[in-house]
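*Asks:* Have a look at the structure that comes next, please.
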Amino acid sequence: MSWPDWIVLALTLLGMIAYGLYKGRTSRDLDGYFLSNRMVPWYMVLLGIMGTQASAVTFLSAPGQAYTDGMRFVQYYFGLPLAMIVLCVSFVPVFRRLKIYTAYEYLEQRFDLRTRALTSGLFLLQRGLSTGISIAAPSIILSSLLGWNILWANIMMGGLLIIYTVMGGAKAVAYTQQLQMIIIFGGMTVAGFMVIHRLPAGVGLSDVLHIGGKAGKLNIITTGIRPGGKGFDWNDRYNLFSGIIGGFFLALSYFGTDQSQVGRYLTARSLTESRLGLLLNGLVKVPMQFLILLLGVLVFAFYQFNREPVFFNQSQLDLLAHSKYKDSLAWLTHQYEATETSRLAAAPSIAANAATPADRSRAATRLLAAEQQKTGYKATVRRWLDDKDVGGDSNDTNYIFLRFVTDYLPIGLVGLLIAVIVLAAWGSIAATLNSLSSCTIVDFHRRFSHRPMSTEKEYQLSRLYTLLWGIFCIAMAQLAYNIGNSLIEAVNVLGSMFYGVILGIFLVAFYRKKTGGKAVFISAVIVEAAVIFFTVLSRQGIVKLSFLWFNVVGAMGVVLLSELLQLFMKRKAV
Amino acid sequence: MDQEPEEKVPLFKKWSRWYVLVAGFLLLNILLFYFLTKHFS
């Protein structure tokens, strides 16, 4: 990275810390530290919700996902708007009325202390571990592409934000998220325009869509029905049905029961402003995700006219160059480069002769003729990296967009785009640290401690817990790097194992008024064990079920089993 | 427990109109995406 890029990056990050410290001054009590004294307007609630959900990997991975697998990933978000409606009808009015700090406080009022402690404990376990991964994943990508030391990358990604999060709490988080989202939207828009600007003369958005469509990248809507109508593929991750149904349960659980999100809309000035923030999130999320994925298709079209690397993560090619595949790689690279040279020589004239829509469609087909051959070379590189003797990482998806940024964007803009990635991480991690601290002090320390605490003491302890969780998450990130991909995958799966069960507990609390604490607690423990068991079977390929469906299974399992248990206990009592 | 005062719903008379707007906009998105998928495939 050039020194102007470093200056842009440093100024953006330091400016953000200063802004957080300046805006984060609040009253020295739990209301001020965790709820911003409930004074946040709807547009900041909206940006806070969006900033918490969108992590660094969202902006790194989504364009790469569209590049490799097409735009069908957008269907993952189809259940979100519907979940926002249910939240506004059922969850938010109750949370606001009870004036609670954490969502889990409600469970003690509705059921009992052990159900509250179980749910809050599951949240702390899952979020504490997964936040470490949220820091490690983008740090590994940046350190691979830019040659940064992993510890310093982890500290930049997850450490600097601790300064303003510890000092200013929820208010600092809300104000910085607002500014972060503005910079992120600006940066991604500029990146989109730059891709179009760098296409050959006469090639526009319509040509890009034709190229993307011919290459199968515009597979935005898929049904999950097997070819020939041979039934529904339950193992297919992203399709219309898994997106609407599985995505609905996932979004309801995430926005309704995950304290990192609940903590954002509890800071709103009123119930109306909480609702407005959530509903506007329901309106803008799907189009926003569509545009981020479209950026991936733009980059794909760009590489039809420019030299595409055989593998985007250069550090993995370097690894192969020092392995037993050294000579084979040299031969393959030579062949690949020859293919690229002949393809690139023909590409501009093919595009220039396409005047009508029919011509454009034919030109796209010709441009993509060499694609199959390239796919063969890339598959060979991936196979070599998967070899146990090499021990490489064959997943190249997360490197595509950032490699394009560093190779083709002008000086200064590279620094801005790297800042966008770091700020996206900050927005998400800061909200999480705030929520981890609020659950630790409100659901455990204050609830189980027999010593009375002054308001000042509670405030100081909350800051301390935020700091300790921050250090814990960085330590987890460092551990994740040392252990490697297996841990990252395991923790990602861990998250989807808990969400469904936690949602089930809340659904019983809201909609099954006659079900008591004992029935729901036993059900939650049994269903959680069952979900973990099925996840293990799924990982081993014995059960074929995509992870989105686990949210449905967990939630409905708790609802149905608690209903049965309640009936059984009622009869026994009679 | 304190009840929050009823506030005026922004833009519409009832919250249910907001819910219809959000669900309707989702449906519109899905139809648009379906058209794009078919047209460019």
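Lettering and numbering for the structure tokens are positional, with chains as A, B, ... in the shown order, residues counted from 1 in each chain, and ligands counted from 1 in the shown order.
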For chain A against chain B, which residues fall within 9 Å using only C-alpha atoms, given as a CSV table (one decimal) with C-alpha atoms, in the first residue's frame?

*Replies:*
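Written file, iface06.csv:
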chain,number,residue,atom,x,y,z
A,75,GLN,CA,-32.5,-14.6,-1.2
A,78,PHE,CA,-35.9,-12.3,1.9
A,81,PRO,CA,-38.6,-7.6,6.1
A,82,LEU,CA,-41.2,-10.0,7.3
A,84,MET,CA,-39.2,-6.7,11.0
A,85,ILE,CA,-43.0,-6.6,10.9
A,88,CYS,CA,-42.7,-4.3,15.6
A,89,VAL,CA,-46.0,-6.0,16.4
A,93,PRO,CA,-43.7,-2.9,22.4
A,96,ARG,CA,-40.1,-0.9,25.5
A,97,ARG,CA,-42.9,-1.2,28.1
A,98,LEU,CA,-40.8,-3.1,30.5
A,99,LYS,CA,-37.9,-0.6,30.3
A,209,LEU,CA,-25.8,-7.7,-17.2
A,210,HIS,CA,-25.7,-9.7,-20.5
A,211,ILE,CA,-22.2,-11.0,-19.6
A,212,GLY,CA,-23.3,-11.8,-16.0
A,213,GLY,CA,-26.5,-13.4,-17.2
A,214,LYS,CA,-24.8,-15.6,-19.8
A,215,ALA,CA,-22.2,-16.7,-17.1
A,216,GLY,CA,-25.1,-17.7,-14.7
A,217,LYS,CA,-24.2,-14.8,-12.3
A,218,LEU,CA,-27.7,-13.3,-12.5
A,219,ASN,CA,-29.3,-16.3,-10.9
A,220,ILE,CA,-31.1,-14.0,-8.4
A,221,ILE,CA,-34.2,-16.1,-8.0
A,222,THR,CA,-33.8,-19.9,-7.7
A,240,LEU,CA,-36.6,-18.6,-2.6
A,270,SER,CA,-39.8,6.3,21.7
A,271,LEU,CA,-41.6,3.1,20.5
A,272,THR,CA,-42.4,4.9,17.3
A,276,LEU,CA,-39.5,3.2,12.3
A,279,LEU,CA,-39.3,-1.1,9.3
A,280,LEU,CA,-37.0,1.1,7.2
A,282,GLY,CA,-36.9,-4.0,6.2
A,283,LEU,CA,-37.3,-1.7,3.2
A,286,VAL,CA,-32.8,-6.3,0.3
A,287,PRO,CA,-32.0,-3.6,-2.4
A,361,SER,CA,-26.2,-11.3,-26.1

*Asks:* Just the residues within 8 Å of Val208 of chain A, please, counting only C-alpha atoms, with nothing from its chain fewer than 6 positions along; format it as a list in words.

*Replies:* Val297, Leu298 and Ala301 of chain A

*Asks:* Can you write out the residues you just picked, keeping N, CA and C atoms, as a PDB file, in the first residue's frame?

*Replies:*
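Output contents, as saved in out15.pdb:
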ATOM      1  N   VAL A 297     -20.786  -8.799  -9.761  1.00  0.00           N
ATOM      2  CA  VAL A 297     -21.020  -9.088 -11.185  1.00  0.00           C
ATOM      3  C   VAL A 297     -20.265  -8.079 -12.050  1.00  0.00           C
ATOM      4  N   LEU A 298     -20.221  -6.811 -11.579  1.00  0.00           N
ATOM      5  CA  LEU A 298     -19.457  -5.781 -12.302  1.00  0.00           C
ATOM      6  C   LEU A 298     -17.980  -6.172 -12.364  1.00  0.00           C
ATOM      7  N   ALA A 301     -17.514  -8.926 -14.871  1.00  0.00           N
ATOM      8  CA  ALA A 301     -17.516  -8.413 -16.248  1.00  0.00           C
ATOM      9  C   ALA A 301     -16.206  -7.682 -16.542  1.00  0.00           C
TER      10      ALA A 301
END

*Asks:* To one decimal place, how far is atom CA of Glu458 of chain A from atom CA of Met16 of chain A in Å?

*Replies:*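 According to the coordinates, atom CA of Glu458 of chain A and atom CA of Met16 of chain A are separated by 27.0 Å.
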
*Asks:* Please provide as a list in words all residues within 8 Å of segment 443-452 of chain A, with the sequence filter that same-chain residues fewer than 3 positions apart are discarded (counting only C-alpha atoms).

*Replies:* Thr102, Tyr104, Glu105, Arg116, Ala117, Ser120, Ser438, Cys439 and Thr440 of chain A

*Asks:* Show me, as a list in words, the residues that have an atom within 10 Å of Ile49 of chain A when counting only C-alpha atoms, minus same-chain residues fewer than 5 positions from it.

*Replies:*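 Here the qualifying residues turn out to be Tyr43, Met44, Ala54, Ala174, Gln177, Gln178, Phe255, Ser260, Gln261, Val262, Gly263, Arg264, Tyr265, Gly277, Leu278, Asn281, Gly427, Ser428 and Ala431 of chain A.
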
*Asks:* What is the distance between atom CA of Leu9 of chain A and atom CA of Gly415 of chain A, in Å to one decimal?

*Replies:* 5.0 Å

*Asks:* Any chance you could list, as a PyMOL selection string, the residues in chain B that come up alpha helix (DSSP H) when DSSP is run on the backbone?

*Replies:* chain B and resi 15-40

*Asks:* Kindly export the residues of the current selection with N, CA and C atoms, as a short mmCIF file (atom, residue, chain, number, x, y, z; two decimals), in the first residue's frame.

*Replies:*
data_model
loop_
_atom_site.label_atom_id
_atom_site.label_comp_id
_atom_site.auth_asym_id
_atom_site.auth_seq_id
_atom_site.Cartn_x
_atom_site.Cartn_y
_atom_site.Cartn_z
N TRP B 15 -50.23 1.65 11.92
CA TRP B 15 -48.98 0.91 11.68
C TRP B 15 -49.19 -0.20 10.66
N SER B 16 -50.42 -0.72 10.58
CA SER B 16 -50.67 -1.83 9.64
C SER B 16 -50.35 -1.40 8.21
N ARG B 17 -50.53 -0.10 7.88
CA ARG B 17 -50.21 0.38 6.53
C ARG B 17 -48.70 0.27 6.28
N TRP B 18 -47.92 0.54 7.32
CA TRP B 18 -46.46 0.41 7.21
C TRP B 18 -46.09 -1.06 6.92
N TYR B 19 -46.78 -1.96 7.64
CA TYR B 19 -46.48 -3.38 7.47
C TYR B 19 -46.79 -3.83 6.03
N VAL B 20 -47.92 -3.34 5.49
CA VAL B 20 -48.30 -3.68 4.12
C VAL B 20 -47.25 -3.13 3.15
N LEU B 21 -46.79 -1.91 3.42
CA LEU B 21 -45.76 -1.29 2.56
C LEU B 21 -44.49 -2.14 2.53
N VAL B 22 -44.02 -2.58 3.72
CA VAL B 22 -42.78 -3.36 3.80
C VAL B 22 -42.95 -4.70 3.08
N ALA B 23 -44.09 -5.40 3.33
CA ALA B 23 -44.33 -6.70 2.69
C ALA B 23 -44.52 -6.52 1.19
N GLY B 24 -45.24 -5.49 0.79
CA GLY B 24 -45.48 -5.22 -0.64
C GLY B 24 -44.18 -4.91 -1.37
N PHE B 25 -43.31 -4.14 -0.73
CA PHE B 25 -42.04 -3.78 -1.35
C PHE B 25 -41.16 -5.01 -1.53
N LEU B 26 -41.23 -5.93 -0.56
CA LEU B 26 -40.48 -7.19 -0.69
C LEU B 26 -40.98 -7.98 -1.90
N LEU B 27 -42.31 -8.06 -2.04
CA LEU B 27 -42.91 -8.77 -3.16
C LEU B 27 -42.47 -8.15 -4.49
N LEU B 28 -42.47 -6.82 -4.52
CA LEU B 28 -42.05 -6.09 -5.72
C LEU B 28 -40.60 -6.41 -6.07
N ASN B 29 -39.74 -6.44 -5.04
CA ASN B 29 -38.33 -6.79 -5.25
C ASN B 29 -38.20 -8.18 -5.85
N ILE B 30 -38.94 -9.14 -5.27
CA ILE B 30 -38.84 -10.53 -5.73
C ILE B 30 -39.29 -10.62 -7.20
N LEU B 31 -40.38 -9.91 -7.55
CA LEU B 31 -40.86 -9.93 -8.94
C LEU B 31 -39.83 -9.31 -9.88
N LEU B 32 -39.23 -8.21 -9.46
CA LEU B 32 -38.20 -7.55 -10.28
C LEU B 32 -37.00 -8.48 -10.48
N PHE B 33 -36.58 -9.13 -9.39
CA PHE B 33 -35.43 -10.04 -9.48
C PHE B 33 -35.76 -11.23 -10.38
N TYR B 34 -37.00 -11.70 -10.32
CA TYR B 34 -37.42 -12.82 -11.17
C TYR B 34 -37.33 -12.42 -12.64
N PHE B 35 -37.80 -11.19 -12.93
CA PHE B 35 -37.74 -10.68 -14.30
C PHE B 35 -36.27 -10.59 -14.77
N LEU B 36 -35.40 -10.04 -13.92
CA LEU B 36 -33.98 -9.91 -14.28
C LEU B 36 -33.34 -11.27 -14.53
N THR B 37 -33.67 -12.24 -13.65
CA THR B 37 -33.12 -13.60 -13.80
C THR B 37 -33.53 -14.19 -15.15
N LYS B 38 -34.83 -14.07 -15.48
CA LYS B 38 -35.34 -14.66 -16.73
C LYS B 38 -34.79 -13.93 -17.94
N HIS B 39 -34.78 -12.60 -17.87
CA HIS B 39 -34.40 -11.80 -19.03
C HIS B 39 -32.94 -12.00 -19.42
N PHE B 40 -32.05 -12.10 -18.43
CA PHE B 40 -30.62 -12.15 -18.75
C PHE B 40 -30.02 -13.55 -18.73
#

*Asks:* Identify, on the basis of only C-alpha atoms, every residue whose closest approach to Val559 of chain A does not exceed 9 Å; exclude the query and any residue fewer than 4 positions from it along the same chain; express the result as a PDB file with C-alpha atoms, in the first residue's frame.

*Replies:*
ATOM      1  CA  GLY A 504     -38.161 -20.712  20.403  1.00  0.00           C
ATOM      2  CA  ILE A 505     -37.940 -19.608  24.053  1.00  0.00           C
ATOM      3  CA  LEU A 507     -41.837 -17.314  20.848  1.00  0.00           C
ATOM      4  CA  VAL A 508     -43.271 -19.337  23.739  1.00  0.00           C
ATOM      5  CA  ARG A 512     -48.028 -19.295  24.492  1.00  0.00           C
ATOM      6  CA  VAL A 520     -39.765 -24.219  28.368  1.00  0.00           C
ATOM      7  CA  SER A 523     -37.595 -28.196  26.143  1.00  0.00           C
ATOM      8  CA  GLY A 554     -34.729 -25.228  16.815  1.00  0.00           C
ATOM      9  CA  ALA A 555     -37.484 -22.623  17.195  1.00  0.00           C
ATOM     10  CA  GLU A 563     -46.494 -27.302  24.657  1.00  0.00           C
ATOM     11  CA  LEU A 564     -46.474 -31.091  25.059  1.00  0.00           C
TER      12      LEU A 564
END
